[in-house]
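Coordinates from upload-v2.txt are shown below (compact mmCIF, C-alpha atoms).
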# COMPACT_ATOMS: atom_id res chain seq x y z
CA MET A 6 0.00 0.00 0.00
CA LEU A 7 2.80 2.42 0.95
CA ASN A 8 4.70 1.56 -2.26
CA GLU A 9 1.62 2.24 -4.39
CA THR A 10 1.06 5.57 -2.66
CA LEU A 11 4.70 6.58 -3.19
CA LYS A 12 4.55 5.61 -6.88
CA TYR A 13 1.38 7.65 -7.29
CA LEU A 14 2.89 10.69 -5.54
CA LEU A 15 6.08 10.44 -7.58
CA SER A 16 4.10 10.29 -10.83
CA LEU A 17 1.95 13.21 -9.76
CA SER A 18 4.99 15.30 -8.76
CA THR A 19 6.65 14.57 -12.12
CA LEU A 20 3.56 15.75 -13.98
CA LEU A 21 3.30 18.87 -11.82
CA TYR A 22 6.97 19.68 -12.41
CA GLN A 23 6.47 19.44 -16.18
CA VAL A 24 3.51 21.81 -15.94
CA ILE A 25 5.47 24.28 -13.81
CA ASP A 26 8.72 23.95 -15.78
CA PRO A 27 7.94 22.59 -19.26
CA CYS A 28 11.45 23.29 -20.60
CA SER A 29 13.71 20.39 -21.36
CA TYR A 30 17.38 20.49 -20.46
CA PRO A 31 20.32 19.11 -22.43
CA GLU A 32 22.26 16.10 -21.23
CA LEU A 33 25.68 16.95 -19.81
CA LEU A 34 28.63 15.11 -21.34
CA PRO A 35 31.21 15.23 -18.52
CA ALA A 36 34.58 16.08 -20.07
CA ASN A 37 36.42 13.88 -17.57
CA THR A 38 34.51 10.71 -18.55
CA VAL A 39 33.33 11.22 -22.14
CA ASP A 40 35.00 9.31 -24.99
CA GLN A 41 37.18 12.12 -26.33
CA GLN A 42 37.98 10.28 -29.58
CA GLN A 43 34.39 10.64 -30.80
CA TYR A 44 34.62 14.44 -30.55
CA LEU A 45 37.91 14.87 -32.40
CA GLY A 46 37.84 16.10 -35.98
CA LYS A 47 35.88 18.71 -37.88
CA TRP A 48 32.88 20.69 -36.51
CA TYR A 49 30.74 23.40 -38.10
CA PHE A 50 29.36 26.28 -36.04
CA LYS A 51 25.60 26.63 -36.55
CA ALA A 52 24.18 29.02 -33.94
CA ALA A 53 24.74 30.68 -30.58
CA VAL A 54 22.26 31.77 -27.90
CA SER A 55 22.45 33.69 -24.65
CA HIS A 56 20.44 35.75 -22.19
CA LYS A 57 22.35 38.84 -23.34
CA GLU A 58 23.17 40.17 -26.79
CA ALA A 59 26.68 41.10 -25.55
CA ASP A 60 27.55 37.40 -25.09
CA ILE A 61 27.06 36.62 -28.79
CA HIS A 62 27.76 39.91 -30.57
CA GLN A 63 31.22 38.78 -31.75
CA PHE A 64 29.64 36.07 -33.92
CA LYS A 65 27.56 38.60 -35.87
CA ALA A 66 30.63 39.80 -37.78
CA LEU A 67 31.26 36.30 -39.13
CA ASP A 68 29.93 34.59 -42.24
CA ASN A 69 30.88 31.04 -41.25
CA ILE A 70 33.15 29.07 -38.95
CA TRP A 71 34.46 25.55 -38.84
CA PHE A 72 36.70 24.00 -36.21
CA THR A 73 39.03 21.07 -35.86
CA MET A 74 39.48 19.38 -32.49
CA GLU A 75 42.76 17.52 -31.93
CA LYS A 76 44.30 15.81 -28.94
CA THR A 77 47.88 16.95 -28.31
CA ALA A 78 50.80 14.95 -26.94
CA ASN A 79 50.38 16.47 -23.47
CA GLY A 80 46.72 15.38 -23.26
CA THR A 81 45.11 18.74 -23.91
CA LEU A 82 42.57 19.40 -26.63
CA LEU A 83 43.54 21.88 -29.32
CA LEU A 84 40.63 23.63 -31.00
CA THR A 85 41.49 25.44 -34.23
CA GLY A 86 38.88 27.82 -35.60
CA HIS A 87 38.71 28.81 -39.25
CA MET A 88 36.53 31.91 -39.49
CA ASN A 89 35.35 33.93 -42.45
CA MET A 90 35.06 37.59 -41.43
CA GLY A 91 34.19 39.86 -44.36
CA ASP A 92 36.78 39.17 -47.04
CA ASN A 93 39.30 37.79 -44.54
CA CYS A 94 39.86 34.26 -43.34
CA VAL A 95 41.05 34.17 -39.74
CA LYS A 96 42.58 31.20 -37.96
CA GLN A 97 42.70 30.99 -34.17
CA ASN A 98 43.70 28.30 -31.64
CA TRP A 99 42.40 27.52 -28.16
CA SER A 100 43.84 24.93 -25.76
CA TYR A 101 41.56 23.09 -23.34
CA HIS A 102 42.74 21.04 -20.38
CA ILE A 103 40.86 18.05 -19.04
CA HIS A 104 41.09 17.41 -15.30
CA PRO A 105 40.02 14.06 -13.81
CA GLU A 106 38.16 15.76 -10.93
CA ARG A 107 36.17 18.20 -13.12
CA ASP A 108 33.27 17.71 -15.52
CA ASP A 109 34.18 20.79 -17.58
CA LEU A 110 37.08 21.81 -19.79
CA GLU A 111 39.55 24.45 -18.64
CA LEU A 112 40.38 27.00 -21.31
CA GLU A 113 44.05 27.94 -21.12
CA GLY A 114 44.34 31.51 -19.85
CA LYS A 115 40.70 31.63 -18.66
CA LYS A 116 40.59 29.62 -15.43
CA GLU A 117 37.45 31.45 -14.29
CA ARG A 118 35.46 30.19 -17.32
CA ARG A 119 33.55 26.91 -17.21
CA ASN A 120 33.32 25.14 -20.57
CA LEU A 121 30.69 22.41 -20.66
CA LEU A 122 29.78 19.87 -23.33
CA TRP A 123 26.12 18.96 -23.86
CA SER A 124 24.49 16.35 -26.06
CA GLY A 125 23.19 17.58 -29.40
CA LYS A 126 20.13 15.37 -28.95
CA TRP A 127 18.58 18.37 -27.17
CA ALA A 128 18.46 20.03 -30.62
CA ASN A 129 17.24 16.79 -32.26
CA CYS A 130 20.71 16.26 -33.69
CA PRO A 131 22.64 13.19 -32.47
CA GLU A 132 25.68 14.18 -34.59
CA CYS A 133 25.76 17.64 -33.01
CA ILE A 134 27.28 18.94 -29.81
CA ILE A 135 26.40 21.95 -27.70
CA PHE A 136 29.21 23.88 -26.07
CA GLN A 137 28.46 26.19 -23.14
CA GLU A 138 30.74 28.92 -21.82
CA ILE A 139 29.99 30.39 -18.39
CA GLU A 140 31.78 33.05 -16.36
CA GLY A 141 30.47 34.02 -12.95
CA PRO A 142 29.26 37.48 -11.93
CA LEU A 143 31.84 40.26 -12.12
CA SER A 144 31.11 41.38 -8.55
CA PRO A 145 29.50 39.75 -5.51
CA THR A 146 26.50 42.07 -5.83
CA ASP A 147 25.72 41.00 -9.44
CA SER A 148 22.92 38.49 -9.74
CA GLU A 149 23.73 37.10 -13.17
CA ASP A 150 26.73 35.51 -14.84
CA SER A 151 28.97 37.85 -16.81
CA LEU A 152 28.95 35.31 -19.67
CA ASN A 153 26.59 32.42 -20.39
CA ARG A 154 26.16 31.20 -23.95
CA PHE A 155 25.35 27.97 -25.74
CA MET A 156 26.84 27.24 -29.16
CA LEU A 157 25.59 24.54 -31.51
CA TYR A 158 28.09 22.61 -33.63
CA SER A 159 27.42 19.94 -36.24
CA ARG A 160 29.59 17.37 -37.95
CA ARG A 161 27.94 18.35 -41.24
CA SER A 162 28.13 21.75 -42.91
CA ASP A 163 24.62 21.35 -44.32
CA VAL A 164 22.71 20.44 -41.16
CA ASP A 165 18.92 20.58 -41.51
CA ALA A 166 17.44 24.01 -40.67
CA GLU A 167 14.99 22.26 -38.31
CA VAL A 168 17.95 21.39 -36.05
CA VAL A 169 18.84 25.07 -35.63
CA THR A 170 15.15 25.92 -35.12
CA ALA A 171 14.85 23.25 -32.39
CA PHE A 172 17.99 24.57 -30.72
CA LEU A 173 16.69 28.16 -30.76
CA LYS A 174 13.26 27.14 -29.44
CA LYS A 175 14.63 25.07 -26.58
CA ALA A 176 17.07 27.85 -25.67
CA ALA A 177 14.23 30.39 -25.73
CA CYS A 178 12.44 28.23 -23.18
CA GLN A 179 15.51 28.79 -20.97
CA ASN A 180 15.06 32.54 -21.50
CA MET A 181 18.03 32.66 -23.88
CA LEU A 182 16.42 34.97 -26.40
CA ALA A 183 19.52 36.59 -27.92
CA SER A 184 20.61 34.43 -30.85
CA VAL A 185 22.74 34.41 -33.94
CA THR A 186 22.97 32.08 -36.92
CA LEU A 187 25.62 32.69 -39.53
CA PRO A 188 24.77 33.49 -43.18
CA GLN A 189 27.27 30.90 -44.48
CA LYS A 190 27.51 32.49 -47.91
CA LYS A 191 31.30 32.25 -48.27
CA VAL A 192 33.57 29.25 -48.09
CA VAL A 193 36.41 29.26 -45.56
CA GLU A 194 39.54 28.02 -47.37
CA TYR A 195 42.74 26.84 -45.66
Could you spell out this file's structure in structure tokens?
Amino acid sequence: MLNETLKYLLSLSTLLYQVIDPCSYPELLPANTVDQQQYLGKWYFKAAVSHKEADIHQFKALDNIWFTMEKTANGTLLLTGHMNMGDNCVKQNWSYHIHPERDDLELEGKKERRNLLWSGKWANCPECIIFQEIEGPLSPTDSEDSLNRFMLYSRRSDVDAEVVTAFLKKAACQNMLASVTLPQKKVVEY
């Protein structure tokens, strides 16, 4: 009898929670336990979202971006971005460290930033990944993070537009209404 009552209450509380908070949340891919080999290689930037326009404004100057992720000899991940900005192609590198006790990646030179990997299934794209960058409030009196953005990456350059739409809708449910998708009119050559 007690077990039946508990099952009923649990089911009822789950339904109530979905009514109160209907948003879905992405699945975290802990950097310290995820199979890194499956994330190496080429990725195409598709969209970025945030609570604030300032967090994504830098992407608005770009036409398209693709990245390569490599594992270096010292165990860090090297991310190389190939960006088309106007008539210029820009190449930039970032190094990420993986620590066994942390579920995020540490960006070299930005220890205060958390870099989280999320499953692309949230955007109805199993071959996608969502990368989140978070930096805490600038002062103890601030109530919001100084940076919090999600970026959608795909293995394919021609990902279905419905994937980007799903990503934007689910982010909007999280009150991330500032967004950018790139025109992708020019080809980045290297």
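Distance-wise, CA of Glu75 (chain A) and CA of Tyr44 (chain A) end up 8.8 Å apart.
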Quiz item: When distances are computed from only C-alpha atoms, which of A:Lys191, A:Asp150, A:Glu111, A:Trp71 shows the smallest separation from Asn93 (chain A)?
Solution: A:Lys191
Exercise. Identify, on the basis of only C-alpha atoms, every residue whose closest approach to Glu149 (chain A) does not exceed 12 Å; exclude the query and any residue fewer than 3 positions from it along the same chain; express the result as a PyMOL selection string.
Key: chain A and resi 56-57+139-146+152-153
Self-check item: Residue with smallest distance to Pro105 (chain A) - pool A:Asn120, A:Thr186, A:Asn89, A:Thr38, counting all atoms listed in the file
Solution: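 Among the listed residues, A:Thr38 lies closest to Pro105 (chain A).
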Quiz item: Hey, which of A:Asn37, A:Ala128, A:Cys28, A:Ser184 ends up closest to Glu106 (chain A)? Count all atoms listed in the file.
Solution: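 Of A:Asn37, A:Ala128, A:Cys28, A:Ser184, the one nearest Glu106 (chain A) is A:Asn37, counting all atoms listed in the file.
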Self-check item: Local residues around (13.7, 30.6, -24.1), at most 12 Å away, using all atoms listed in the file, as a PyMOL selection string
Solution: chain A and resi 26-30+54-57+171-184
Practice problem: Using all atoms listed in the file, determine which residues lie at most 7 Å from His87 (chain A), disregarding the query and same-chain residues fewer than 4 positions distant; provide the list as a PyMOL selection string. | Solution: chain A and resi 70-72+94-97+193
Quiz item: In Å, with one decimal, what is the gap from CA of Ala53 (chain A) to CA of Leu110 (chain A)?
Solution: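 Result for CA of Ala53 (chain A) versus CA of Leu110 (chain A): 18.6 Å, one decimal.
The closest residue to Val39 (chain A), picked from A:Glu117, A:Thr85, A:Asn98, A:Trp123 and counting all atoms listed in the file, is A:Trp123.
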Quiz prompt | For Ser124 (chain A), the nearest of the candidates A:Pro35, A:Gly46, A:Gly86, A:Gly80, counting all atoms listed in the file | solution =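 For Ser124 (chain A), the nearest of the given residues is A:Pro35.
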Box along x, y and z, 5 Å on every side, all listed atoms of region 144-159 of chain A inside: centre and edge lengths in Å to one decimal, as JSON.
{"center_x": 27.0, "center_y": 31.0, "center_z": -20.9, "size_x": 18.2, "size_y": 32.1, "size_z": 40.7}
As a tab-separated table (two decimals), keeping the file's coordinate frame, could you write out region 112-127 of chain A once it has been completed with N, CA and C atoms?
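This went into rebuild-v3.tsv:
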chain	number	residue	atom	x	y	z
A	112	LEU	N	39.77	26.27	-20.22
A	112	LEU	CA	40.38	27.00	-21.31
A	112	LEU	C	41.66	27.65	-20.82
A	113	GLU	N	42.76	27.37	-21.50
A	113	GLU	CA	44.05	27.94	-21.12
A	113	GLU	C	43.96	29.47	-21.10
A	114	GLY	N	44.39	30.06	-19.99
A	114	GLY	CA	44.34	31.51	-19.85
A	114	GLY	C	43.03	32.05	-19.31
A	115	LYS	N	42.02	31.20	-19.14
A	115	LYS	CA	40.70	31.63	-18.66
A	115	LYS	C	40.21	30.65	-17.59
A	116	LYS	N	40.94	30.57	-16.49
A	116	LYS	CA	40.59	29.62	-15.43
A	116	LYS	C	39.23	29.87	-14.82
A	117	GLU	N	38.74	31.12	-14.88
A	117	GLU	CA	37.45	31.45	-14.29
A	117	GLU	C	36.27	31.00	-15.16
A	118	ARG	N	36.52	30.60	-16.39
A	118	ARG	CA	35.46	30.19	-17.32
A	118	ARG	C	35.21	28.69	-17.23
A	119	ARG	N	33.93	28.32	-17.11
A	119	ARG	CA	33.55	26.91	-17.21
A	119	ARG	C	33.14	26.64	-18.65
A	120	ASN	N	33.60	25.54	-19.20
A	120	ASN	CA	33.32	25.14	-20.57
A	120	ASN	C	32.72	23.75	-20.53
A	121	LEU	N	31.43	23.67	-20.80
A	121	LEU	CA	30.69	22.41	-20.66
A	121	LEU	C	30.26	21.87	-22.01
A	122	LEU	N	30.25	20.56	-22.13
A	122	LEU	CA	29.78	19.87	-23.33
A	122	LEU	C	28.41	19.28	-23.05
A	123	TRP	N	27.48	19.48	-23.99
A	123	TRP	CA	26.12	18.96	-23.86
A	123	TRP	C	25.78	18.15	-25.11
A	124	SER	N	24.92	17.18	-24.94
A	124	SER	CA	24.49	16.35	-26.06
A	124	SER	C	23.68	17.15	-27.06
A	125	GLY	N	23.95	16.93	-28.33
A	125	GLY	CA	23.19	17.58	-29.40
A	125	GLY	C	21.79	17.02	-29.57
A	126	LYS	N	21.48	15.94	-28.87
A	126	LYS	CA	20.13	15.37	-28.95
A	126	LYS	C	19.08	16.38	-28.49
A	127	TRP	N	19.48	17.32	-27.64
A	127	TRP	CA	18.58	18.37	-27.17
A	127	TRP	C	18.04	19.19	-28.35
